[in-house]
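Heads up: the structure comes next, in structure tokens.
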Amino acid sequence: MRVIDGHAHLEGIQDIDNDLGKAREAGVAAVIAVGSETGSNKRALELAASHKNFVFPALGLHPWNLKDDFSRDIEFIEENIGKCVALGEVGIDFKYDKDRNLQVSALEKILEIAQRSEKPVIMHTRWAWKEAFEMVKQRGLKRIVFHWYSGPLDVLRGVLDLGCHVSASPAAEYSEYHRQAIREVPLDRLLLETDTPVRYRDHVSRPIDVLKTLSAVSKLKGIPDEEVAEATTKNAIELFGLQL
Ligand SMILES: [Zn+2]
């Protein structure tokens, strides 16, 4: 059985070789290292180079890391677009105290790059689910991951109709909004993730915790771990074009 952690902030981990080694031993076949701005994007590229065919880089511009002038961050992404498997973490967050127009204009730029480069996009959409969905729909983009989706079910149905993916985090163990979403997502659109090093209740996550996500999702769906592992790993390999 092998699983893929589709969303990890590896720049936040001190003893990275140790944590990646433990994950690999436990059956994690790959980790998507997402970036949030130029510093963490550089780190994702470095880690992908030093852990070939295991760590795969995504280049992002997180709404929490948005500067008033984000042009340098966009330039870095464009210069390195050939090295990444996806754009992420990007998105909009209307719970976060940052000018909404600025957030939307940054995401527009990223979606433009996605369209040109044909890269999939890993999106953060907290309290902005409908707006993010509309932006994606308007451009006719499908290769989008709505990461840790916890929004309304009517928007989720639109997301699924469009052909997008949703990723489950360890919060699938206890967060009711996330759980109701994951119940709705068919297996062929589902990915697993940790959002490492996010803290879930009293536990600081690591890539190995994608196994907790796996077990929570299997329980929600009432099917064996193996079935969820096989489907989500296949989805991630296809969506990100991974060579394992
Ligand atoms: Zn994240």
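The chains in the structure tokens are called A, B, ... from first to last as shown; in each chain the residues are counted from 1, and the ligands are counted from 1 in the order shown.
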Name each residue within 8 Å of ligand 1, counting only C-alpha atoms and all ligand atoms, as a PyMOL selection string. chain A and resi 7-9+34+89+124+147+195-196+198
If you keep N, CA, C and O atoms, can you produce a file of those selected residues as an mmCIF file, in the first residue's frame?
```cif
data_model
loop_
_atom_site.group_PDB
_atom_site.id
_atom_site.type_symbol
_atom_site.label_atom_id
_atom_site.label_comp_id
_atom_site.auth_asym_id
_atom_site.auth_seq_id
_atom_site.Cartn_x
_atom_site.Cartn_y
_atom_site.Cartn_z
ATOM 1 N N HIS A 7 0.271 17.761 -0.012
ATOM 2 C CA HIS A 7 0.354 19.170 0.395
ATOM 3 C C HIS A 7 1.139 19.261 1.702
ATOM 4 O O HIS A 7 0.598 18.972 2.770
ATOM 5 N N ALA A 8 2.416 19.648 1.611
ATOM 6 C CA ALA A 8 3.255 19.760 2.807
ATOM 7 C C ALA A 8 4.126 21.004 2.708
ATOM 8 O O ALA A 8 4.689 21.286 1.644
ATOM 9 N N HIS A 9 4.206 21.747 3.823
ATOM 10 C CA HIS A 9 5.102 22.916 3.893
ATOM 11 C C HIS A 9 6.408 22.451 4.529
ATOM 12 O O HIS A 9 6.601 22.571 5.735
ATOM 13 N N VAL A 34 4.774 22.220 -1.134
ATOM 14 C CA VAL A 34 4.201 23.482 -1.619
ATOM 15 C C VAL A 34 5.010 24.659 -1.079
ATOM 16 O O VAL A 34 5.590 24.589 -0.003
ATOM 17 N N GLU A 89 1.214 26.667 -2.799
ATOM 18 C CA GLU A 89 -0.140 26.966 -2.394
ATOM 19 C C GLU A 89 -0.489 28.383 -2.804
ATOM 20 O O GLU A 89 0.254 29.326 -2.507
ATOM 21 N N HIS A 124 -5.983 27.286 -1.779
ATOM 22 C CA HIS A 124 -6.502 27.598 -0.447
ATOM 23 C C HIS A 124 -7.699 28.528 -0.673
ATOM 24 O O HIS A 124 -7.563 29.561 -1.329
ATOM 25 N N HIS A 147 -7.880 22.462 -1.732
ATOM 26 C CA HIS A 147 -7.172 21.851 -0.609
ATOM 27 C C HIS A 147 -7.975 22.012 0.686
ATOM 28 O O HIS A 147 -8.512 23.085 0.950
ATOM 29 N N ASP A 195 -0.762 19.029 5.078
ATOM 30 C CA ASP A 195 -0.547 20.455 5.337
ATOM 31 C C ASP A 195 0.505 20.644 6.437
ATOM 32 O O ASP A 195 0.503 21.647 7.145
ATOM 33 N N THR A 196 1.400 19.672 6.560
ATOM 34 C CA THR A 196 2.554 19.760 7.470
ATOM 35 C C THR A 196 3.156 21.159 7.442
ATOM 36 O O THR A 196 3.300 21.695 6.344
ATOM 37 N N VAL A 198 1.136 21.826 10.091
ATOM 38 C CA VAL A 198 -0.076 22.291 10.785
ATOM 39 C C VAL A 198 -0.342 21.418 12.015
ATOM 40 O O VAL A 198 -0.108 20.212 11.993
#
```
I'd like the neighbourhood of segment 160-175 of chain A as a short mmCIF file (atom, residue, chain, number, x, y, z; two decimals) with N, CA, C and O atoms, in the first residue's frame, where a residue qualifies if any of its atoms comes within 7 Å (using only C-alpha atoms), though same-chain residues fewer than 4 positions away should be ignored.
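The file below, selection_22.cif, is the result:
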```
data_model
loop_
_atom_site.label_atom_id
_atom_site.label_comp_id
_atom_site.auth_asym_id
_atom_site.auth_seq_id
_atom_site.Cartn_x
_atom_site.Cartn_y
_atom_site.Cartn_z
N LYS A 142 -9.63 23.05 -14.98
CA LYS A 142 -10.15 21.85 -14.32
C LYS A 142 -9.13 21.23 -13.38
O LYS A 142 -9.48 20.54 -12.44
N ARG A 143 -7.86 21.40 -13.73
CA ARG A 143 -6.82 20.69 -12.96
C ARG A 143 -6.49 21.51 -11.71
O ARG A 143 -5.42 22.10 -11.57
N ILE A 144 -7.48 21.54 -10.83
CA ILE A 144 -7.40 22.34 -9.62
C ILE A 144 -7.66 21.44 -8.42
O ILE A 144 -8.56 20.60 -8.47
N VAL A 145 -6.87 21.63 -7.36
CA VAL A 145 -7.13 20.94 -6.09
C VAL A 145 -7.68 21.96 -5.10
O VAL A 145 -7.00 22.94 -4.78
N PHE A 146 -8.90 21.74 -4.66
CA PHE A 146 -9.44 22.54 -3.56
C PHE A 146 -8.95 21.88 -2.27
O PHE A 146 -9.49 20.87 -1.83
N HIS A 147 -7.88 22.46 -1.73
CA HIS A 147 -7.17 21.85 -0.61
C HIS A 147 -7.98 22.01 0.69
O HIS A 147 -8.51 23.08 0.95
N TRP A 148 -8.07 20.88 1.46
CA TRP A 148 -8.73 20.89 2.78
C TRP A 148 -10.10 21.57 2.69
O TRP A 148 -10.44 22.42 3.51
N TYR A 149 -10.90 21.21 1.72
CA TYR A 149 -12.18 21.90 1.49
C TYR A 149 -13.11 21.74 2.70
O TYR A 149 -13.37 20.61 3.14
N LEU A 156 -19.31 22.94 -3.48
CA LEU A 156 -18.53 21.71 -3.71
C LEU A 156 -19.07 20.96 -4.92
O LEU A 156 -18.30 20.44 -5.74
N ARG A 179 -15.46 16.91 7.10
CA ARG A 179 -15.99 15.54 6.98
C ARG A 179 -17.17 15.46 6.01
O ARG A 179 -17.24 14.57 5.18
N ILE A 182 -15.79 15.64 2.49
CA ILE A 182 -15.07 14.44 2.04
C ILE A 182 -16.04 13.29 1.73
O ILE A 182 -15.84 12.51 0.81
N ARG A 189 -11.69 11.66 -7.42
CA ARG A 189 -11.37 13.09 -7.36
C ARG A 189 -10.68 13.46 -6.05
O ARG A 189 -10.53 14.63 -5.73
N LEU A 190 -10.32 12.47 -5.30
CA LEU A 190 -9.83 12.73 -3.96
C LEU A 190 -8.32 12.58 -3.87
O LEU A 190 -7.73 11.69 -4.49
N LEU A 191 -7.68 13.48 -3.12
CA LEU A 191 -6.25 13.37 -2.79
C LEU A 191 -6.13 13.38 -1.27
O LEU A 191 -7.03 13.84 -0.57
N LEU A 192 -4.98 12.91 -0.79
CA LEU A 192 -4.69 12.95 0.65
C LEU A 192 -3.57 13.96 0.88
O LEU A 192 -2.73 14.18 0.02
N GLU A 193 -3.56 14.56 2.08
CA GLU A 193 -2.52 15.53 2.41
C GLU A 193 -2.36 15.64 3.91
O GLU A 193 -3.15 15.06 4.68
N THR A 194 -1.34 16.40 4.32
CA THR A 194 -1.15 16.69 5.76
C THR A 194 -1.17 18.19 6.06
O THR A 194 -1.45 18.57 7.18
N ASP A 195 -0.76 19.03 5.08
CA ASP A 195 -0.55 20.45 5.34
C ASP A 195 0.50 20.64 6.44
O ASP A 195 0.50 21.65 7.15
N TYR A 200 -2.91 19.63 14.46
CA TYR A 200 -4.29 19.13 14.52
C TYR A 200 -4.58 18.77 15.96
O TYR A 200 -3.96 17.84 16.49
N LYS A 212 -2.84 9.02 8.81
CA LYS A 212 -4.02 9.36 9.63
C LYS A 212 -5.15 9.86 8.73
O LYS A 212 -6.32 9.57 8.95
N THR A 213 -4.77 10.66 7.73
CA THR A 213 -5.77 11.14 6.78
C THR A 213 -6.40 9.93 6.09
O THR A 213 -7.63 9.85 5.96
N ALA A 216 -8.84 8.16 8.38
CA ALA A 216 -10.07 8.94 8.60
C ALA A 216 -10.97 8.89 7.37
O ALA A 216 -12.19 8.73 7.49
N VAL A 217 -10.37 9.00 6.19
CA VAL A 217 -11.15 8.98 4.95
C VAL A 217 -11.79 7.60 4.75
O VAL A 217 -12.97 7.50 4.40
#
```
Exercise: Ser36 of chain A partners within 6 Å, only C-alpha atoms, chain neighbours under 3 positions left out, as a ChimeraX atom specification: /A:40,60-62,89
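Contact shell of segment 96-110 of chain A at 8 Å (only C-alpha atoms; same-chain neighbours under 6 positions omitted): Leu61, Pro63, Trp64, Leu66, Asp68, Phe70, Ile74, Leu87, Val90 and Met135 of chain A.
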For Arg24 of chain A: contacts at 10 Å, only C-alpha atoms, fewer than 5 positions along chain excluded, given as a PyMOL selection string: chain A and resi 2-4+18-19+29-31+54+207-208
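One finds atom CA of Tyr177 of chain A at 12.8 Å from atom CA of Leu220 of chain A.
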Sel. of helix (DSSP H, G or I) residues, segment 56-226 of chain A, as a PyMOL selection string: chain A and resi 63-65+71-79+81-83+100-117+129-138+153-162+170-173+176-184+187-189+207-221+225-226
At a cut-off of 8 Å, using only C-alpha atoms, what residues contact Ala86 of chain A? Leave out same-chain residues fewer than 2 positions from it and give the result as a PDB file with N, CA, C and O atoms, in the first residue's frame.
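So out01.pdb came out as:
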```
ATOM      1  N   PRO A  57       8.194  19.511  -6.240  1.00  0.00           N
ATOM      2  CA  PRO A  57       7.919  20.886  -5.830  1.00  0.00           C
ATOM      3  C   PRO A  57       6.691  21.511  -6.503  1.00  0.00           C
ATOM      4  O   PRO A  57       6.436  21.306  -7.684  1.00  0.00           O
ATOM      5  N   ALA A  58       5.953  22.290  -5.697  1.00  0.00           N
ATOM      6  CA  ALA A  58       4.916  23.178  -6.224  1.00  0.00           C
ATOM      7  C   ALA A  58       5.335  24.598  -5.854  1.00  0.00           C
ATOM      8  O   ALA A  58       5.877  24.813  -4.763  1.00  0.00           O
ATOM      9  N   LEU A  59       5.126  25.538  -6.747  1.00  0.00           N
ATOM     10  CA  LEU A  59       5.531  26.925  -6.494  1.00  0.00           C
ATOM     11  C   LEU A  59       4.289  27.769  -6.249  1.00  0.00           C
ATOM     12  O   LEU A  59       3.353  27.752  -7.058  1.00  0.00           O
ATOM     13  N   CYS A  84       8.554  22.765 -11.679  1.00  0.00           N
ATOM     14  CA  CYS A  84       7.542  22.386 -10.679  1.00  0.00           C
ATOM     15  C   CYS A  84       6.475  21.474 -11.275  1.00  0.00           C
ATOM     16  O   CYS A  84       6.273  21.450 -12.478  1.00  0.00           O
ATOM     17  N   GLY A  88       1.251  26.154  -6.305  1.00  0.00           N
ATOM     18  CA  GLY A  88       0.598  26.038  -4.992  1.00  0.00           C
ATOM     19  C   GLY A  88       1.603  26.203  -3.863  1.00  0.00           C
ATOM     20  O   GLY A  88       2.781  25.974  -4.083  1.00  0.00           O
ATOM     21  N   LYS A 119      -0.147  23.828 -15.867  1.00  0.00           N
ATOM     22  CA  LYS A 119       0.164  23.203 -14.573  1.00  0.00           C
ATOM     23  C   LYS A 119      -1.102  23.134 -13.722  1.00  0.00           C
ATOM     24  O   LYS A 119      -1.924  24.063 -13.748  1.00  0.00           O
ATOM     25  N   PRO A 120      -1.249  22.058 -12.956  1.00  0.00           N
ATOM     26  CA  PRO A 120      -2.347  22.027 -11.995  1.00  0.00           C
ATOM     27  C   PRO A 120      -2.124  23.044 -10.866  1.00  0.00           C
ATOM     28  O   PRO A 120      -0.991  23.505 -10.672  1.00  0.00           O
ATOM     29  N   VAL A 121      -3.190  23.376 -10.158  1.00  0.00           N
ATOM     30  CA  VAL A 121      -3.131  24.420  -9.129  1.00  0.00           C
ATOM     31  C   VAL A 121      -3.666  23.874  -7.804  1.00  0.00           C
ATOM     32  O   VAL A 121      -4.736  23.255  -7.779  1.00  0.00           O
ATOM     33  N   ILE A 122      -2.922  24.116  -6.730  1.00  0.00           N
ATOM     34  CA  ILE A 122      -3.350  23.693  -5.384  1.00  0.00           C
ATOM     35  C   ILE A 122      -3.834  24.932  -4.642  1.00  0.00           C
ATOM     36  O   ILE A 122      -3.053  25.844  -4.358  1.00  0.00           O
ATOM     37  N   PHE A 240      -0.456  15.300 -11.119  1.00  0.00           N
ATOM     38  CA  PHE A 240       0.830  16.010 -11.048  1.00  0.00           C
ATOM     39  C   PHE A 240       1.871  15.443 -12.024  1.00  0.00           C
ATOM     40  O   PHE A 240       2.993  15.959 -12.079  1.00  0.00           O
TER      41      PHE A 240
END
```
So that I can check the secondary structure, give me every residue of segment 21-69 of chain A assigned strand (DSSP E) by backbone DSSP, as a PyMOL selection string. chain A and resi 28-33+55-61
Let me make sure I understand: among A:Gly151, A:Asp69, A:Gln14, A:Gly82, which one has the smallest atom-to-atom distance to Glu118 of chain A if we use only C-alpha atoms? A:Gly82
Find the residue from A:Asn53, A:Ser71, A:Ser205, A:Ser150 that sits nearest to Gly12 of chain A; use only C-alpha atoms when measuring.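 Distance minimum relative to Gly12 of chain A lands on A:Ser205.
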Selected residue of minimal separation from Arg206 of chain A among A:Ile16, A:Asn41, A:Met1, A:Gly35, counting only C-alpha atoms: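 The shortest atom-to-atom distance to Arg206 of chain A comes from A:Ile16.
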Find the residues around Asp17 of chain A up to 10 Å (only C-alpha atoms counted), leave out those fewer than 5 positions away in its own chain, and share them as a VMD selection string. chain A and resid 22 to 23 47 50 to 51
Write out, as a short mmCIF file (atom, residue, chain, number, x, y, z; two decimals), in the first residue's frame, the residues just selected, with N, CA and C atoms.
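And here is the file that came out, out_7.cif:
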```
data_model
loop_
_atom_site.label_atom_id
_atom_site.label_comp_id
_atom_site.auth_asym_id
_atom_site.auth_seq_id
_atom_site.Cartn_x
_atom_site.Cartn_y
_atom_site.Cartn_z
N LYS A 22 11.19 8.61 7.79
CA LYS A 22 10.12 7.89 8.52
C LYS A 22 8.89 7.73 7.64
N ALA A 23 8.55 8.77 6.91
CA ALA A 23 7.38 8.71 6.03
C ALA A 23 7.58 7.64 4.96
N LEU A 47 14.69 20.93 -1.93
CA LEU A 47 14.35 19.63 -1.34
C LEU A 47 13.97 18.61 -2.43
N SER A 50 17.24 17.38 -3.77
CA SER A 50 17.99 16.48 -2.89
C SER A 50 17.20 15.21 -2.53
N HIS A 51 15.94 15.13 -2.89
CA HIS A 51 15.13 13.92 -2.63
C HIS A 51 14.38 13.57 -3.92
#
```
